[in-house]
$ cat model.csv   # CSV, C-alpha atoms and all ligand atoms
chain,number,residue,atom,x,y,z
A,1135,MET,CA,157.5,95.2,146.6
A,1136,GLY,CA,157.4,98.8,145.3
A,1137,TYR,CA,156.3,101.9,147.2
A,1138,MET,CA,152.9,101.9,145.5
A,1139,ASP,CA,152.3,98.2,146.1
A,1140,SER,CA,152.9,98.7,149.8
A,1141,LYS,CA,149.6,100.8,149.9
A,1142,ILE,CA,147.5,97.9,148.5
A,1143,GLU,CA,145.7,95.4,150.6
A,1144,ARG,CA,144.7,93.0,147.8
A,1145,ILE,CA,144.8,92.9,144.0
A,1146,VAL,CA,141.4,92.8,142.3
A,1147,LEU,CA,142.5,92.8,138.7
A,1148,SER,CA,146.1,92.0,137.7
A,1149,HIS,CA,147.9,93.8,134.8
A,1150,ASP,CA,148.0,90.5,132.8
A,1151,LYS,CA,144.3,90.0,133.2
A,1152,ILE,CA,143.6,93.6,132.1
A,1153,VAL,CA,145.6,93.2,128.9
A,1154,SER,CA,144.0,89.9,128.0
A,1155,LYS,CA,140.5,91.3,128.7
A,1156,CYS,CA,141.2,94.4,126.6
A,1157,HIS,CA,142.3,92.0,123.8
A,1158,ASP,CA,138.9,90.2,124.0
A,1159,LEU,CA,136.9,93.5,124.2
A,1160,GLY,CA,138.9,95.0,121.4
A,1161,MET,CA,138.1,92.0,119.1
A,1162,LYS,CA,134.4,92.4,120.1
A,1163,ILE,CA,134.4,96.1,119.4
A,1164,THR,CA,136.2,95.5,116.0
A,1165,ASN,CA,133.5,93.0,115.1
A,1166,ASP,CA,130.6,95.2,116.2
A,1167,TYR,CA,131.8,98.4,114.7
A,1168,LYS,CA,133.7,97.6,111.5
A,1169,ASP,CA,132.6,100.1,108.8
A,1170,LYS,CA,130.9,102.3,111.5
A,1171,ARG,CA,133.9,104.5,112.4
A,1172,PRO,CA,132.9,104.8,116.0
A,1173,ILE,CA,134.0,107.7,118.3
A,1174,LEU,CA,135.5,106.5,121.5
A,1175,VAL,CA,134.8,109.2,124.1
A,1176,GLY,CA,137.0,108.8,127.2
A,1177,LEU,CA,135.8,110.2,130.5
A,1178,LEU,CA,138.8,112.0,132.0
A,1179,LYS,CA,140.9,111.3,133.9
A,1180,GLY,CA,140.2,107.7,134.9
A,1181,CYS,CA,139.8,106.4,131.4
A,1182,ILE,CA,143.4,107.1,130.3
A,1183,PRO,CA,145.2,103.8,131.1
A,1184,PHE,CA,142.2,101.6,130.1
A,1185,MET,CA,141.5,103.5,126.9
A,1186,SER,CA,145.2,103.4,125.8
A,1187,GLU,CA,145.3,99.6,126.4
A,1188,LEU,CA,141.9,99.0,124.7
A,1189,ILE,CA,142.5,100.9,121.5
A,1190,LYS,CA,145.6,98.8,120.8
A,1191,HIS,CA,143.2,95.8,120.3
A,1192,ILE,CA,140.7,97.6,118.0
A,1193,ASP,CA,141.3,96.8,114.4
A,1194,CYS,CA,139.0,99.1,112.5
A,1195,ASP,CA,138.7,102.8,111.8
A,1196,MET,CA,137.8,104.7,114.9
A,1197,GLU,CA,138.2,108.2,116.4
A,1198,MET,CA,138.9,109.4,119.9
A,1199,ASP,CA,137.7,112.3,122.0
A,1200,PHE,CA,137.5,113.2,125.7
A,1201,LEU,CA,134.9,114.5,128.0
A,1202,GLU,CA,135.5,115.6,131.6
A,1203,VAL,CA,132.6,115.8,134.1
A,1204,SER,CA,132.7,116.3,137.8
A,1205,SER,CA,130.4,114.2,139.8
A,1206,TYR,CA,132.2,112.4,142.6
A,1207,ASN,CA,133.5,113.7,145.9
A,1208,GLY,CA,135.5,111.4,148.2
A,1209,THR,CA,134.0,108.0,148.2
A,1210,SER,CA,130.3,108.5,147.7
A,1211,SER,CA,128.4,109.7,144.6
A,1212,THR,CA,126.2,112.8,144.6
A,1213,GLY,CA,124.2,112.3,141.4
A,1214,LEU,CA,125.1,115.8,140.3
A,1215,VAL,CA,127.1,116.0,137.0
A,1216,THR,CA,128.7,119.1,135.5
A,1217,ILE,CA,130.7,119.2,132.2
A,1218,THR,CA,134.2,120.6,132.9
A,1219,LYS,CA,135.6,119.8,129.4
A,1220,ASP,CA,133.4,119.1,126.4
A,1221,ILE,CA,134.2,117.0,123.3
A,1222,LYS,CA,135.2,118.7,120.0
A,1223,THR,CA,133.7,116.1,117.7
A,1224,ASP,CA,130.2,116.4,116.3
A,1225,VAL,CA,128.5,113.2,117.4
A,1226,LYS,CA,125.3,113.7,115.3
A,1227,ASN,CA,124.6,110.5,113.3
A,1228,ARG,CA,127.7,108.9,114.7
A,1229,HIS,CA,128.2,105.8,116.9
A,1230,VAL,CA,129.6,106.6,120.3
A,1231,ILE,CA,131.4,104.3,122.8
A,1232,ILE,CA,131.9,105.9,126.1
A,1233,VAL,CA,135.1,104.7,127.9
A,1234,GLU,CA,135.0,104.8,131.6
A,1235,ASP,CA,137.1,103.4,134.5
A,1236,ILE,CA,134.2,102.1,136.7
A,1237,VAL,CA,130.4,102.1,136.7
A,1238,ASP,CA,129.2,102.5,140.3
A,1239,THR,CA,125.9,104.2,140.9
A,1240,GLY,CA,125.5,104.8,137.1
A,1241,TYR,CA,124.5,108.5,137.6
A,1242,THR,CA,127.5,109.8,135.7
A,1243,LEU,CA,126.9,107.6,132.7
A,1244,LYS,CA,123.2,108.2,132.7
A,1245,GLU,CA,123.8,111.9,132.3
A,1246,VAL,CA,126.5,111.5,129.7
A,1247,MET,CA,124.4,109.1,127.6
A,1248,ASN,CA,121.5,111.6,127.8
A,1249,LEU,CA,123.9,114.3,126.5
A,1250,PHE,CA,124.9,112.2,123.5
A,1251,LYS,CA,121.3,111.2,122.7
A,1252,TYR,CA,120.4,114.9,122.9
A,1253,LYS,CA,123.4,115.7,120.5
A,1254,GLY,CA,122.0,113.2,118.0
A,1255,ALA,CA,124.3,110.2,118.3
A,1256,LEU,CA,123.0,107.1,116.4
A,1257,SER,CA,124.0,104.8,119.1
A,1258,CYS,CA,125.8,105.0,122.5
A,1259,GLU,CA,127.4,102.1,124.3
A,1260,ILE,CA,129.7,101.9,127.4
A,1261,ALA,CA,133.1,100.3,127.7
A,1262,ALA,CA,134.2,100.1,131.4
A,1263,LEU,CA,137.3,98.6,133.0
A,1264,LEU,CA,135.2,97.7,136.0
A,1265,ASP,CA,131.5,97.2,136.8
A,1266,LYS,CA,130.3,97.4,140.4
A,1267,PRO,CA,126.6,96.4,140.1
A,1268,SER,CA,126.1,96.4,143.8
A,1269,GLY,CA,126.3,100.2,143.7
A,1270,ARG,CA,123.9,100.8,140.9
A,1271,LYS,CA,121.1,103.3,141.5
A,1272,THR,CA,119.6,103.5,138.0
A,1273,ASP,CA,118.6,100.6,135.7
A,1274,LEU,CA,119.2,102.9,132.6
A,1275,VAL,CA,122.9,102.1,132.5
A,1276,THR,CA,124.3,98.7,131.5
A,1277,PRO,CA,127.9,98.7,130.2
A,1278,LYS,CA,128.2,96.4,127.2
A,1279,TYR,CA,132.0,95.9,127.2
A,1280,VAL,CA,133.4,95.2,130.7
A,1281,CYS,CA,136.9,93.9,131.8
A,1282,GLU,CA,135.8,92.7,135.2
A,1283,THR,CA,132.7,92.8,137.5
A,1284,ILE,CA,133.6,93.4,141.1
A,1285,GLY,CA,131.9,93.4,144.5
A,1286,PRO,CA,131.4,96.3,146.8
A,1287,GLY,CA,134.5,98.1,148.2
A,1288,PHE,CA,136.6,101.0,147.0
A,1289,VAL,CA,139.3,100.2,144.5
A,1290,VAL,CA,142.3,102.2,143.0
A,1291,GLY,CA,144.8,101.8,140.2
A,1292,PHE,CA,144.9,101.7,136.4
A,1293,GLY,CA,143.2,105.1,136.3
A,1294,LEU,CA,141.1,104.9,139.4
A,1295,ASP,CA,142.1,107.3,142.2
A,1296,TYR,CA,141.7,108.0,145.8
A,1297,ASP,CA,142.1,111.8,146.4
A,1298,GLN,CA,143.8,112.0,142.9
A,1299,LEU,CA,146.5,109.4,143.8
A,1300,TYR,CA,147.2,105.8,142.7
A,1301,ARG,CA,146.0,106.2,139.1
A,1302,ASN,CA,149.5,105.2,138.0
A,1303,LEU,CA,149.3,101.6,139.5
A,1304,ASP,CA,149.4,99.1,136.6
A,1305,TYR,CA,146.8,96.9,138.2
A,1306,VAL,CA,143.5,97.4,140.3
A,1307,GLY,CA,143.5,96.8,144.0
A,1308,ILE,CA,141.9,97.6,147.4
A,1309,LEU,CA,143.6,100.3,149.4
A,1310,LYS,CA,144.9,99.5,152.8
A,1311,LYS,CA,142.7,100.9,155.6
A,1312,GLU,CA,145.5,102.9,157.2
A,1313,VAL,CA,145.8,105.0,154.0
A,1314,TYR,CA,142.3,106.4,154.5
A,1315,SER,CA,142.9,107.4,158.2
A,1401,LIG,P1,129.0,106.7,139.3
A,1401,LIG,O1,128.4,107.9,138.8
A,1401,LIG,O2,128.6,106.5,140.8
A,1401,LIG,O3,128.8,105.5,138.5
A,1401,LIG,O4,130.5,107.0,139.5
A,1401,LIG,C1,131.4,106.9,138.6
A,1401,LIG,C2,132.8,107.5,139.0
A,1401,LIG,O5,132.9,107.4,140.4
A,1401,LIG,C3,133.9,106.8,138.4
A,1401,LIG,O6,134.3,107.4,137.2
A,1401,LIG,C4,135.0,107.0,139.4
A,1401,LIG,O7,135.7,108.2,139.2
A,1401,LIG,C5,134.3,107.1,140.7
A,1401,LIG,N1,134.3,105.8,141.5
A,1401,LIG,C6,133.3,105.0,141.8
A,1401,LIG,N2,133.7,103.9,142.4
A,1401,LIG,C7,135.0,104.0,142.6
A,1401,LIG,C8,136.0,103.2,143.3
A,1401,LIG,O8,135.8,102.1,143.8
A,1401,LIG,N3,137.3,103.7,143.2
A,1401,LIG,C9,137.6,104.9,142.6
A,1401,LIG,N4,136.7,105.7,142.0
A,1401,LIG,C10,135.4,105.3,142.0

$ encode --input "model.csv" --output "structure tokens"
Amino acid sequence: MGYMDSKIERIVLSHDKIVSKCHDLGMKITNDYKDKRPILVGLLKGCIPFMSELIKHIDCDMEMDFLEVSSYNGTSSTGLVTITKDIKTDVKNRHVIIVEDIVDTGYTLKEVMNLFKYKGALSCEIAALLDKPSGRKTDLVTPKYVCETIGPGFVVGFGLDYDQLYRNLDYVGILKKEVYS
């Protein structure tokens, strides 16, 4: 057991499962977007491991860009979203796929989707490593491409952090309680 593993109570999504799910999602996206040249917009920083795995399995023309918003403090969402790094691509008349680590309340993605609609995107869908429907506070956000739906509880790994740590775990797990206190 490695140093990082010793902090984890229970594995929620193994690395093998992530890779096989990304393969399935990549095939679906390829099918849905061939000839559409979609722009995958990753939400920094949590999107990085998921996005880099997902794009390996997409077999059609696509572009990448990144957006950074701040909305989340500690372990409960505020509903306030500020853009701290904007995209460089013009999304007008383009198909956008937002790539996110986890959809919890849905507030972040609601705001981000509004932004892309305002900027004139033709379509806007969500690809998320994890969906936590028990946390949802808006019915305007439904991720179309999801690796795994999970129950309540705070998870880390494969991009997801607690206090900026644990993003480098190659799987998703629940943190041990003693790490919080
Ligand atoms: P939402 O706006 O509540 O949907 O929150 C989305 C953001 O909150 C995600 O991009 C994560 O950064 C963070 N978040 C929500 N749940 C968790 C979790 O269980 N672990 C780590 N980060 C989380």

$ atom_distance --input "model.csv" --atom1 "CA of Thr1276 (chain A)" --atom2 "CA of Arg1144 (chain A)"
26.7 Å

$ residues_near_point --input "model.csv" --point "(145.0, 97.6, 149.5)" --cutoff "6 Å" --atoms "all atoms listed in the file" --output "list in words"
Lys1141, Ile1142, Glu1143, Arg1144, Gly1307, Ile1308, Leu1309 and Lys1310 of chain A

$ residues_around --input "model.csv" --residues "Pro1286 (chain A)" --least-positions-apart "6" --cutoff "12 Å" --atoms "only C-alpha atoms" --output "NGL selection string"
:A and (1146 or 1236-1239 or 1264-1270 or 1308)

$ residues_near_ligand --input "model.csv" --ligand "ligand LIG 1401 (chain A)" --cutoff "6 Å" --atoms "only C-alpha atoms and all ligand atoms" --output "CSV table (one decimal) with C-alpha atoms, keeping the file's coordinate frame"
chain,number,residue,atom,x,y,z
A,1206,TYR,CA,132.2,112.4,142.6
A,1211,SER,CA,128.4,109.7,144.6
A,1235,ASP,CA,137.1,103.4,134.5
A,1236,ILE,CA,134.2,102.1,136.7
A,1237,VAL,CA,130.4,102.1,136.7
A,1238,ASP,CA,129.2,102.5,140.3
A,1239,THR,CA,125.9,104.2,140.9
A,1240,GLY,CA,125.5,104.8,137.1
A,1241,TYR,CA,124.5,108.5,137.6
A,1242,THR,CA,127.5,109.8,135.7
A,1288,PHE,CA,136.6,101.0,147.0
A,1289,VAL,CA,139.3,100.2,144.5
A,1290,VAL,CA,142.3,102.2,143.0
A,1294,LEU,CA,141.1,104.9,139.4
A,1295,ASP,CA,142.1,107.3,142.2

$ closest_residue --input "model.csv" --among "A:Leu1177, A:Phe1184, A:Met1161, A:Ile1232" --to "Gly1291 (chain A)" --atoms "only C-alpha atoms"
A:Phe1184

$ build_atoms --input "model.csv" --residues "region 1279-1304 of chain A" --atoms "N, CA, C and O atoms" --output "PDB file, keeping the file's coordinate frame"
ATOM      1  N   TYR A1279     130.646  96.500 127.289  1.00  0.00           N
ATOM      2  CA  TYR A1279     132.000  95.900 127.200  1.00  0.00           C
ATOM      3  C   TYR A1279     132.671  96.176 128.602  1.00  0.00           C
ATOM      4  O   TYR A1279     132.945  97.316 128.967  1.00  0.00           O
ATOM      5  N   VAL A1280     132.903  95.092 129.338  1.00  0.00           N
ATOM      6  CA  VAL A1280     133.400  95.200 130.700  1.00  0.00           C
ATOM      7  C   VAL A1280     134.618  94.253 130.888  1.00  0.00           C
ATOM      8  O   VAL A1280     134.553  93.090 130.501  1.00  0.00           O
ATOM      9  N   CYS A1281     135.708  94.742 131.480  1.00  0.00           N
ATOM     10  CA  CYS A1281     136.900  93.900 131.800  1.00  0.00           C
ATOM     11  C   CYS A1281     136.553  92.959 132.958  1.00  0.00           C
ATOM     12  O   CYS A1281     136.844  91.777 132.919  1.00  0.00           O
ATOM     13  N   GLU A1282     136.006  93.538 134.047  1.00  0.00           N
ATOM     14  CA  GLU A1282     135.800  92.700 135.200  1.00  0.00           C
ATOM     15  C   GLU A1282     134.628  93.290 136.075  1.00  0.00           C
ATOM     16  O   GLU A1282     134.525  94.500 136.257  1.00  0.00           O
ATOM     17  N   THR A1283     133.770  92.387 136.552  1.00  0.00           N
ATOM     18  CA  THR A1283     132.700  92.800 137.500  1.00  0.00           C
ATOM     19  C   THR A1283     133.180  92.523 138.881  1.00  0.00           C
ATOM     20  O   THR A1283     133.695  91.436 139.175  1.00  0.00           O
ATOM     21  N   ILE A1284     133.066  93.548 139.736  1.00  0.00           N
ATOM     22  CA  ILE A1284     133.600  93.400 141.100  1.00  0.00           C
ATOM     23  C   ILE A1284     132.508  93.632 142.143  1.00  0.00           C
ATOM     24  O   ILE A1284     131.465  94.209 141.854  1.00  0.00           O
ATOM     25  N   GLY A1285     132.770  93.198 143.365  1.00  0.00           N
ATOM     26  CA  GLY A1285     131.900  93.400 144.500  1.00  0.00           C
ATOM     27  C   GLY A1285     131.997  94.772 145.077  1.00  0.00           C
ATOM     28  O   GLY A1285     132.756  95.588 144.562  1.00  0.00           O
ATOM     29  N   PRO A1286     131.267  95.032 146.187  1.00  0.00           N
ATOM     30  CA  PRO A1286     131.400  96.300 146.800  1.00  0.00           C
ATOM     31  C   PRO A1286     132.794  96.566 147.380  1.00  0.00           C
ATOM     32  O   PRO A1286     133.553  95.618 147.553  1.00  0.00           O
ATOM     33  N   GLY A1287     133.141  97.823 147.650  1.00  0.00           N
ATOM     34  CA  GLY A1287     134.500  98.100 148.200  1.00  0.00           C
ATOM     35  C   GLY A1287     135.160  99.106 147.222  1.00  0.00           C
ATOM     36  O   GLY A1287     134.903  99.092 146.027  1.00  0.00           O
ATOM     37  N   PHE A1288     135.993  99.958 147.797  1.00  0.00           N
ATOM     38  CA  PHE A1288     136.600 101.000 147.000  1.00  0.00           C
ATOM     39  C   PHE A1288     137.964 100.561 146.466  1.00  0.00           C
ATOM     40  O   PHE A1288     138.827 100.074 147.191  1.00  0.00           O
ATOM     41  N   VAL A1289     138.117 100.684 145.149  1.00  0.00           N
ATOM     42  CA  VAL A1289     139.300 100.200 144.500  1.00  0.00           C
ATOM     43  C   VAL A1289     140.106 101.365 143.856  1.00  0.00           C
ATOM     44  O   VAL A1289     139.531 102.401 143.523  1.00  0.00           O
ATOM     45  N   VAL A1290     141.407 101.166 143.684  1.00  0.00           N
ATOM     46  CA  VAL A1290     142.300 102.200 143.000  1.00  0.00           C
ATOM     47  C   VAL A1290     143.184 101.473 142.029  1.00  0.00           C
ATOM     48  O   VAL A1290     143.350 100.252 142.055  1.00  0.00           O
ATOM     49  N   GLY A1291     143.786 102.286 141.170  1.00  0.00           N
ATOM     50  CA  GLY A1291     144.800 101.800 140.200  1.00  0.00           C
ATOM     51  C   GLY A1291     144.265 101.720 138.807  1.00  0.00           C
ATOM     52  O   GLY A1291     143.068 101.735 138.572  1.00  0.00           O
ATOM     53  N   PHE A1292     145.182 101.685 137.847  1.00  0.00           N
ATOM     54  CA  PHE A1292     144.900 101.700 136.400  1.00  0.00           C
ATOM     55  C   PHE A1292     143.845 102.729 136.050  1.00  0.00           C
ATOM     56  O   PHE A1292     142.864 102.469 135.369  1.00  0.00           O
ATOM     57  N   GLY A1293     144.072 103.936 136.573  1.00  0.00           N
ATOM     58  CA  GLY A1293     143.200 105.100 136.300  1.00  0.00           C
ATOM     59  C   GLY A1293     142.320 105.488 137.421  1.00  0.00           C
ATOM     60  O   GLY A1293     141.933 106.652 137.534  1.00  0.00           O
ATOM     61  N   LEU A1294     142.009 104.553 138.310  1.00  0.00           N
ATOM     62  CA  LEU A1294     141.100 104.900 139.400  1.00  0.00           C
ATOM     63  C   LEU A1294     141.928 105.512 140.580  1.00  0.00           C
ATOM     64  O   LEU A1294     143.001 105.016 140.934  1.00  0.00           O
ATOM     65  N   ASP A1295     141.368 106.583 141.151  1.00  0.00           N
ATOM     66  CA  ASP A1295     142.100 107.300 142.200  1.00  0.00           C
ATOM     67  C   ASP A1295     141.434 107.281 143.527  1.00  0.00           C
ATOM     68  O   ASP A1295     140.238 107.024 143.652  1.00  0.00           O
ATOM     69  N   TYR A1296     142.244 107.575 144.563  1.00  0.00           N
ATOM     70  CA  TYR A1296     141.700 108.000 145.800  1.00  0.00           C
ATOM     71  C   TYR A1296     142.374 109.350 146.102  1.00  0.00           C
ATOM     72  O   TYR A1296     143.614 109.416 146.187  1.00  0.00           O
ATOM     73  N   ASP A1297     141.582 110.423 146.165  1.00  0.00           N
ATOM     74  CA  ASP A1297     142.100 111.800 146.400  1.00  0.00           C
ATOM     75  C   ASP A1297     143.196 112.090 145.328  1.00  0.00           C
ATOM     76  O   ASP A1297     144.242 112.641 145.665  1.00  0.00           O
ATOM     77  N   GLN A1298     142.924 111.714 144.081  1.00  0.00           N
ATOM     78  CA  GLN A1298     143.800 112.000 142.900  1.00  0.00           C
ATOM     79  C   GLN A1298     145.074 111.129 142.870  1.00  0.00           C
ATOM     80  O   GLN A1298     145.865 111.272 141.931  1.00  0.00           O
ATOM     81  N   LEU A1299     145.254 110.238 143.834  1.00  0.00           N
ATOM     82  CA  LEU A1299     146.500 109.400 143.800  1.00  0.00           C
ATOM     83  C   LEU A1299     146.140 107.965 143.367  1.00  0.00           C
ATOM     84  O   LEU A1299     144.983 107.570 143.325  1.00  0.00           O
ATOM     85  N   TYR A1300     147.197 107.221 143.053  1.00  0.00           N
ATOM     86  CA  TYR A1300     147.200 105.800 142.700  1.00  0.00           C
ATOM     87  C   TYR A1300     146.673 105.463 141.311  1.00  0.00           C
ATOM     88  O   TYR A1300     146.531 104.304 140.958  1.00  0.00           O
ATOM     89  N   ARG A1301     146.413 106.479 140.475  1.00  0.00           N
ATOM     90  CA  ARG A1301     146.000 106.200 139.100  1.00  0.00           C
ATOM     91  C   ARG A1301     147.066 105.500 138.319  1.00  0.00           C
ATOM     92  O   ARG A1301     146.811 104.815 137.347  1.00  0.00           O
ATOM     93  N   ASN A1302     148.345 105.679 138.744  1.00  0.00           N
ATOM     94  CA  ASN A1302     149.500 105.200 138.000  1.00  0.00           C
ATOM     95  C   ASN A1302     149.857 103.721 138.343  1.00  0.00           C
ATOM     96  O   ASN A1302     150.805 103.182 137.774  1.00  0.00           O
ATOM     97  N   LEU A1303     149.106 103.067 139.227  1.00  0.00           N
ATOM     98  CA  LEU A1303     149.300 101.600 139.500  1.00  0.00           C
ATOM     99  C   LEU A1303     148.951 100.880 138.178  1.00  0.00           C
ATOM    100  O   LEU A1303     147.955 101.218 137.542  1.00  0.00           O
ATOM    101  N   ASP A1304     149.700  99.836 137.814  1.00  0.00           N
ATOM    102  CA  ASP A1304     149.400  99.100 136.600  1.00  0.00           C
ATOM    103  C   ASP A1304     148.411  97.961 136.781  1.00  0.00           C
ATOM    104  O   ASP A1304     148.206  97.144 135.904  1.00  0.00           O
TER     105      ASP A1304
END
